[in-house]
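Pasting query24.cif here (mmCIF, C-alpha atoms):
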data_work
loop_
_atom_site.label_atom_id
_atom_site.label_comp_id
_atom_site.auth_asym_id
_atom_site.auth_seq_id
_atom_site.Cartn_x
_atom_site.Cartn_y
_atom_site.Cartn_z
CA MET A 1 -13.20 -10.27 -20.80
CA VAL A 2 -9.65 -8.90 -20.82
CA GLU A 3 -7.12 -11.32 -22.29
CA PHE A 4 -3.37 -11.24 -21.65
CA ASP A 5 -1.07 -12.56 -24.35
CA ASP A 6 2.30 -14.32 -24.14
CA THR A 7 4.16 -11.03 -24.47
CA PHE A 8 2.36 -9.59 -21.46
CA ARG A 9 2.98 -12.75 -19.43
CA ARG A 10 6.68 -12.64 -20.29
CA HIS A 11 6.93 -9.01 -19.27
CA LEU A 12 5.05 -9.72 -16.06
CA ARG A 13 7.54 -12.44 -15.14
CA GLU A 14 10.41 -10.06 -15.92
CA LEU A 15 8.82 -7.57 -13.51
CA PHE A 16 8.94 -10.20 -10.77
CA VAL A 17 12.54 -11.06 -11.60
CA TRP A 18 13.69 -7.43 -11.51
CA ARG A 19 11.80 -6.42 -8.35
CA ARG A 20 14.34 -5.66 -5.66
CA ASP A 21 14.40 -4.65 -2.01
CA VAL A 22 16.23 -1.37 -2.54
CA ARG A 23 18.70 0.01 0.02
CA ARG A 24 20.64 2.52 -2.07
CA PHE A 25 18.69 5.49 -3.37
CA ARG A 26 19.44 8.55 -5.44
CA SER A 27 18.54 11.87 -3.87
CA ASP A 28 16.14 12.88 -6.67
CA ALA A 29 12.68 13.81 -5.46
CA LEU A 30 9.77 11.72 -6.67
CA PRO A 31 7.18 13.36 -8.96
CA ASN A 32 4.23 14.95 -7.20
CA GLY A 33 1.60 12.35 -6.39
CA ALA A 34 3.89 9.34 -7.02
CA VAL A 35 3.44 7.86 -3.56
CA GLU A 36 -0.30 8.51 -3.63
CA ARG A 37 -0.57 6.67 -6.96
CA LEU A 38 1.28 3.69 -5.49
CA ILE A 39 -1.17 3.69 -2.58
CA GLU A 40 -4.07 3.70 -5.07
CA THR A 41 -2.61 0.60 -6.74
CA ALA A 42 -2.07 -1.11 -3.39
CA CYS A 43 -5.74 -0.58 -2.57
CA LEU A 44 -6.69 -2.73 -5.59
CA SER A 45 -5.34 -5.76 -3.73
CA PRO A 46 -7.54 -8.54 -2.38
CA SER A 47 -8.45 -8.48 1.29
CA VAL A 48 -10.21 -10.98 3.50
CA GLY A 49 -13.94 -10.26 3.48
CA LEU A 50 -13.21 -7.10 1.48
CA SER A 51 -12.06 -5.67 4.82
CA GLN A 52 -9.49 -3.31 3.25
CA PRO A 53 -7.58 -3.14 6.55
CA TRP A 54 -4.56 -1.25 5.20
CA ARG A 55 -3.72 2.11 6.71
CA PHE A 56 -1.00 4.27 5.14
CA VAL A 57 1.01 6.98 6.87
CA ILE A 58 3.14 9.19 4.60
CA VAL A 59 5.97 10.34 6.88
CA ASP A 60 7.05 13.84 5.82
CA ASP A 61 7.94 15.33 9.20
CA ALA A 62 11.72 15.54 9.66
CA ALA A 63 11.61 14.94 13.41
CA ARG A 64 9.49 11.82 13.05
CA ARG A 65 11.80 10.52 10.32
CA ARG A 66 14.82 11.14 12.54
CA ALA A 67 13.16 9.26 15.41
CA VAL A 68 12.54 6.27 13.12
CA ILE A 69 16.16 6.37 11.91
CA ASP A 70 17.40 6.47 15.51
CA ASP A 71 15.20 3.49 16.35
CA PHE A 72 16.59 1.57 13.38
CA LYS A 73 20.16 2.24 14.52
CA ALA A 74 19.39 1.00 18.04
CA CYS A 75 17.61 -2.12 16.79
CA ASN A 76 20.35 -2.81 14.25
CA ALA A 77 23.00 -2.65 16.97
CA ASP A 78 20.99 -5.15 19.03
CA ALA A 79 20.65 -7.43 15.99
CA LEU A 80 24.41 -7.33 15.38
CA ASN A 81 24.94 -8.65 18.91
CA CYS A 82 23.02 -11.79 17.95
CA TYR A 83 25.84 -12.83 15.61
CA SER A 84 29.46 -13.67 16.17
CA GLY A 85 32.62 -14.31 14.21
CA GLU A 86 32.52 -14.13 10.42
CA ARG A 87 28.71 -13.88 10.36
CA ALA A 88 28.87 -10.78 12.58
CA GLU A 89 31.43 -9.22 10.26
CA ARG A 90 29.20 -9.89 7.28
CA TYR A 91 26.18 -8.47 9.07
CA ALA A 92 28.06 -5.29 10.02
CA ALA A 93 29.05 -4.78 6.38
CA LEU A 94 25.46 -4.99 5.09
CA LYS A 95 23.47 -1.89 4.19
CA LEU A 96 20.08 -2.70 5.67
CA SER A 97 18.10 0.47 5.12
CA GLY A 98 17.88 3.49 2.88
CA LEU A 99 16.17 5.61 5.52
CA GLU A 100 18.61 8.50 5.31
CA GLN A 101 18.73 8.65 1.50
CA ALA A 102 15.23 7.80 0.30
CA PRO A 103 13.11 10.87 -0.52
CA ALA A 104 9.88 9.23 0.70
CA HIS A 105 8.99 7.26 3.83
CA LEU A 106 5.75 5.30 4.13
CA ALA A 107 4.52 3.35 7.16
CA ILE A 108 1.79 0.77 6.72
CA PHE A 109 -0.49 -0.66 9.38
CA ALA A 110 -3.39 -3.11 9.68
CA ASP A 111 -6.46 -1.73 11.45
CA LYS A 112 -7.52 -4.66 13.61
CA ALA A 113 -10.53 -2.81 15.03
CA SER A 114 -12.15 -2.03 11.68
CA ASP A 115 -15.58 -3.57 11.11
CA THR A 116 -15.34 -3.19 7.33
CA GLY A 117 -16.09 -6.60 5.84
CA HIS A 118 -18.19 -7.55 8.90
CA GLY A 119 -15.64 -10.13 10.05
CA LEU A 120 -16.12 -12.42 7.05
CA GLY A 121 -13.33 -14.99 6.74
CA ARG A 122 -11.57 -13.99 9.94
CA ALA A 123 -13.22 -16.16 12.60
CA THR A 124 -10.84 -19.09 12.17
CA MET A 125 -7.83 -17.17 10.85
CA PRO A 126 -7.84 -13.59 12.19
CA GLU A 127 -4.26 -13.15 10.94
CA THR A 128 -5.64 -12.96 7.38
CA LEU A 129 -6.29 -9.30 8.14
CA GLU A 130 -2.55 -8.73 8.33
CA TYR A 131 -1.91 -11.01 5.34
CA SER A 132 -4.21 -8.75 3.33
CA VAL A 133 -1.99 -5.76 4.11
CA VAL A 134 1.11 -7.70 3.03
CA ALA A 135 -0.62 -8.53 -0.26
CA ALA A 136 -1.22 -4.80 -0.78
CA ILE A 137 2.45 -4.07 -0.13
CA THR A 138 3.46 -6.65 -2.73
CA ALA A 139 1.21 -5.01 -5.31
CA MET A 140 2.72 -1.63 -4.48
CA TRP A 141 6.24 -3.07 -4.76
CA LEU A 142 5.62 -4.37 -8.27
CA ALA A 143 3.87 -1.19 -9.38
CA ALA A 144 6.79 0.88 -8.10
CA ARG A 145 9.27 -1.25 -10.02
CA ALA A 146 7.22 -0.87 -13.20
CA ASP A 147 7.51 2.91 -12.75
CA GLY A 148 11.29 2.70 -12.22
CA ILE A 149 10.85 3.50 -8.52
CA GLY A 150 12.67 1.54 -5.83
CA LEU A 151 11.08 0.32 -2.61
CA GLY A 152 12.89 -0.95 0.48
CA TRP A 153 11.14 -2.68 3.40
CA VAL A 154 12.82 -1.86 6.73
CA SER A 155 11.98 -4.52 9.31
CA ILE A 156 14.71 -3.76 11.87
CA LEU A 157 12.45 -1.49 13.92
CA ASN A 158 10.61 -1.66 17.23
CA PRO A 159 6.87 -1.71 16.37
CA GLN A 160 5.79 -0.06 19.63
CA ARG A 161 8.25 2.81 19.20
CA VAL A 162 7.20 3.37 15.59
CA GLN A 163 3.56 3.38 16.70
CA HIS A 164 4.40 6.04 19.28
CA VAL A 165 6.53 8.15 16.93
CA LEU A 166 3.80 8.26 14.30
CA ASP A 167 0.98 8.78 16.82
CA VAL A 168 -1.48 6.31 15.30
CA PRO A 169 -4.42 4.52 16.97
CA ALA A 170 -3.59 1.65 19.30
CA SER A 171 -5.76 -0.70 17.23
CA TRP A 172 -3.42 -0.30 14.24
CA LYS A 173 -0.79 -3.05 14.03
CA PHE A 174 2.51 -2.03 12.48
CA ILE A 175 3.25 -4.07 9.35
CA ALA A 176 5.91 -2.27 7.33
CA TYR A 177 8.07 0.81 7.04
CA LEU A 178 9.02 1.51 3.43
CA CYS A 179 11.73 3.66 1.87
CA ILE A 180 10.71 4.87 -1.59
CA GLY A 181 12.79 6.60 -4.26
CA TYR A 182 14.84 6.08 -7.38
CA PRO A 183 17.46 3.31 -6.99
CA GLU A 184 21.13 4.05 -7.56
CA ALA A 185 21.36 0.94 -9.75
CA GLU A 186 19.18 -1.89 -11.00
CA CYS A 187 19.94 -5.59 -10.66
CA ASP A 188 18.08 -8.87 -11.15
CA GLN A 189 19.85 -10.49 -8.19
CA PRO A 190 18.99 -9.88 -4.52
CA GLU A 191 21.54 -7.70 -2.73
CA LEU A 192 21.85 -10.20 0.11
CA GLU A 193 22.75 -12.86 -2.44
CA ARG A 194 25.40 -10.61 -3.96
CA ALA A 195 26.77 -10.02 -0.45
CA LYS A 196 26.89 -13.82 0.07
CA TRP A 197 24.58 -13.63 3.08
CA GLU A 198 22.20 -16.18 1.58
CA HIS A 199 21.29 -17.56 -1.84
CA ARG A 200 18.00 -18.02 -3.63
CA ARG A 201 16.92 -21.64 -3.46
CA SER A 202 15.03 -23.84 -5.89
CA PRO A 203 11.22 -24.00 -5.58
CA ASP A 204 11.64 -27.79 -5.26
CA GLU A 205 13.07 -27.25 -1.77
CA PHE A 206 9.80 -25.67 -0.62
CA THR A 207 7.25 -27.87 -2.41
CA LEU A 208 5.57 -31.02 -1.12
CA ARG A 209 3.00 -33.34 -2.69
CA ARG A 210 0.46 -35.13 -0.54
#
Mind turning the file's structure into structure tokens?
Amino acid sequence: MVEFDDTFRRHLRELFVWRRDVRRFRSDALPNGAVERLIETACLSPSVGLSQPWRFVIVDDAARRRAVIDDFKACNADALNCYSGERAERYAALKLSGLEQAPAHLAIFADKASDTGHGLGRATMPETLEYSVVAAITAMWLAARADGIGLGWVSILNPQRVQHVLDVPASWKFIAYLCIGYPEAECDQPELERAKWEHRRSPDEFTLRR
């Protein structure tokens, strides 16, 4: 049995602390195979019924990338209209994607039509299929940080338009669009906290005992 000592556990916690949602990327290209290696790590994640529902689309085509960027800009403008006053000013000042700077784009979907795993564990909670994909993304995020690579999750997108732009099967549900590259800077504090949009709260605020 593999044993992990206190030093490893300390370093693992530091990895969690220093993981960031990166928006500002350097223009350096990633090493050949870097994204594929991150996908390999993601595929080590647990999945309900061993369904392995994750589907990865490496977006290299410039026209498809541009279409995703255009969709982000449209969705971001709509989101800005949801705020007013000082909050709108703060929102407008935020940098919410690194789509135009990041050297790599990766879209991730959940294949809801897959029969891998034979439906085990999904009868009462079918959404666990999508949760499994999110778990894989988290593993990828930590692995990227350990390699000095930044990852940014862009959620201000229209899922149907992304599905169309990337020409994927209708049974695939859009989960995430990731920007991947080397970060301009490293920080142990969330960017949205530094921008005073929100602050990290104590675990006590989210914990109940029954």
Which is closest to Ser27 (chain A) among A:Thr41, A:Thr7, A:Gln101, A:Thr138, if we use all atoms listed in the file?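 The answer is A:Gln101, which sits nearest to Ser27 (chain A).
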Test item: the PyMOL selection byres ((chain A and resi 141) around 12) resolved as a compact mmCIF listing (two decimals) with C-alpha atoms, keeping the file's coordinate frame:
# COMPACT_ATOMS: atom_id res chain seq x y z
CA LEU A 15 8.82 -7.57 -13.51
CA PHE A 16 8.94 -10.20 -10.77
CA TRP A 18 13.69 -7.43 -11.51
CA ARG A 19 11.80 -6.42 -8.35
CA ARG A 20 14.34 -5.66 -5.66
CA ASP A 21 14.40 -4.65 -2.01
CA VAL A 22 16.23 -1.37 -2.54
CA VAL A 35 3.44 7.86 -3.56
CA LEU A 38 1.28 3.69 -5.49
CA ILE A 39 -1.17 3.69 -2.58
CA THR A 41 -2.61 0.60 -6.74
CA ALA A 42 -2.07 -1.11 -3.39
CA SER A 45 -5.34 -5.76 -3.73
CA VAL A 134 1.11 -7.70 3.03
CA ALA A 135 -0.62 -8.53 -0.26
CA ALA A 136 -1.22 -4.80 -0.78
CA ILE A 137 2.45 -4.07 -0.13
CA THR A 138 3.46 -6.65 -2.73
CA ALA A 139 1.21 -5.01 -5.31
CA MET A 140 2.72 -1.63 -4.48
CA LEU A 142 5.62 -4.37 -8.27
CA ALA A 143 3.87 -1.19 -9.38
CA ALA A 144 6.79 0.88 -8.10
CA ARG A 145 9.27 -1.25 -10.02
CA ALA A 146 7.22 -0.87 -13.20
CA ASP A 147 7.51 2.91 -12.75
CA GLY A 148 11.29 2.70 -12.22
CA ILE A 149 10.85 3.50 -8.52
CA GLY A 150 12.67 1.54 -5.83
CA LEU A 151 11.08 0.32 -2.61
CA GLY A 152 12.89 -0.95 0.48
CA TRP A 153 11.14 -2.68 3.40
CA LEU A 178 9.02 1.51 3.43
CA CYS A 179 11.73 3.66 1.87
CA ILE A 180 10.71 4.87 -1.59
CA GLY A 181 12.79 6.60 -4.26
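Distance annotation: of A:Val57, A:Ala185, A:Leu94, A:Val48, the residue with the minimal separation from Val168 (chain A) is A:Val57; atom set is all atoms listed in the file.
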Specify as a PyMOL selection string each residue included when the PyMOL selection byres ((chain A and resi 115-118) around 9) is applied to this file. chain A and resi 48-53+112-114+119-121
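On the file presented, the PyMOL selection byres ((chain A and resi 66-80) around 8) picks out Ala62, Ala63, Arg64, Arg65, Asn81, Cys82, Tyr83, Ala88, Tyr91, Ala92, Leu99, Glu100, Ile156, Leu157, Asn158, Arg161, Val162 and Val165 of chain A.
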Keeping only C-alpha atoms, take the residues you just selected and write them out as a PDB file, in the coordinates of the input.
ATOM      1  CA  ALA A  62      11.720  15.540   9.660  1.00  0.00           C
ATOM      2  CA  ALA A  63      11.610  14.940  13.410  1.00  0.00           C
ATOM      3  CA  ARG A  64       9.490  11.820  13.050  1.00  0.00           C
ATOM      4  CA  ARG A  65      11.800  10.520  10.320  1.00  0.00           C
ATOM      5  CA  ASN A  81      24.940  -8.650  18.910  1.00  0.00           C
ATOM      6  CA  CYS A  82      23.020 -11.790  17.950  1.00  0.00           C
ATOM      7  CA  TYR A  83      25.840 -12.830  15.610  1.00  0.00           C
ATOM      8  CA  ALA A  88      28.870 -10.780  12.580  1.00  0.00           C
ATOM      9  CA  TYR A  91      26.180  -8.470   9.070  1.00  0.00           C
ATOM     10  CA  ALA A  92      28.060  -5.290  10.020  1.00  0.00           C
ATOM     11  CA  LEU A  99      16.170   5.610   5.520  1.00  0.00           C
ATOM     12  CA  GLU A 100      18.610   8.500   5.310  1.00  0.00           C
ATOM     13  CA  ILE A 156      14.710  -3.760  11.870  1.00  0.00           C
ATOM     14  CA  LEU A 157      12.450  -1.490  13.920  1.00  0.00           C
ATOM     15  CA  ASN A 158      10.610  -1.660  17.230  1.00  0.00           C
ATOM     16  CA  ARG A 161       8.250   2.810  19.200  1.00  0.00           C
ATOM     17  CA  VAL A 162       7.200   3.370  15.590  1.00  0.00           C
ATOM     18  CA  VAL A 165       6.530   8.150  16.930  1.00  0.00           C
TER      19      VAL A 165
END
Padded axis-aligned box of region 60-68 of chain A (6 Å per side), centre and edge lengths, Å, one decimal, as JSON:
{"center_x": 10.9, "center_y": 10.9, "center_z": 10.6, "size_x": 19.8, "size_y": 21.3, "size_z": 21.6}
Top pick for closest residue to Glu191 (chain A), considering A:Asp61, A:Ala34, A:Arg209, A:Arg23 and counting only C-alpha atoms: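 Going through A:Asp61, A:Ala34, A:Arg209, A:Arg23 one by one, the smallest distance to Glu191 (chain A) is for A:Arg23.
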In Å, with one decimal, what is the gap from CA of Glu186 (chain A) to CA of Ala107 (chain A)?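 Atom-to-atom, CA of Glu186 (chain A) and CA of Ala107 (chain A) are spaced 23.9 Å apart.
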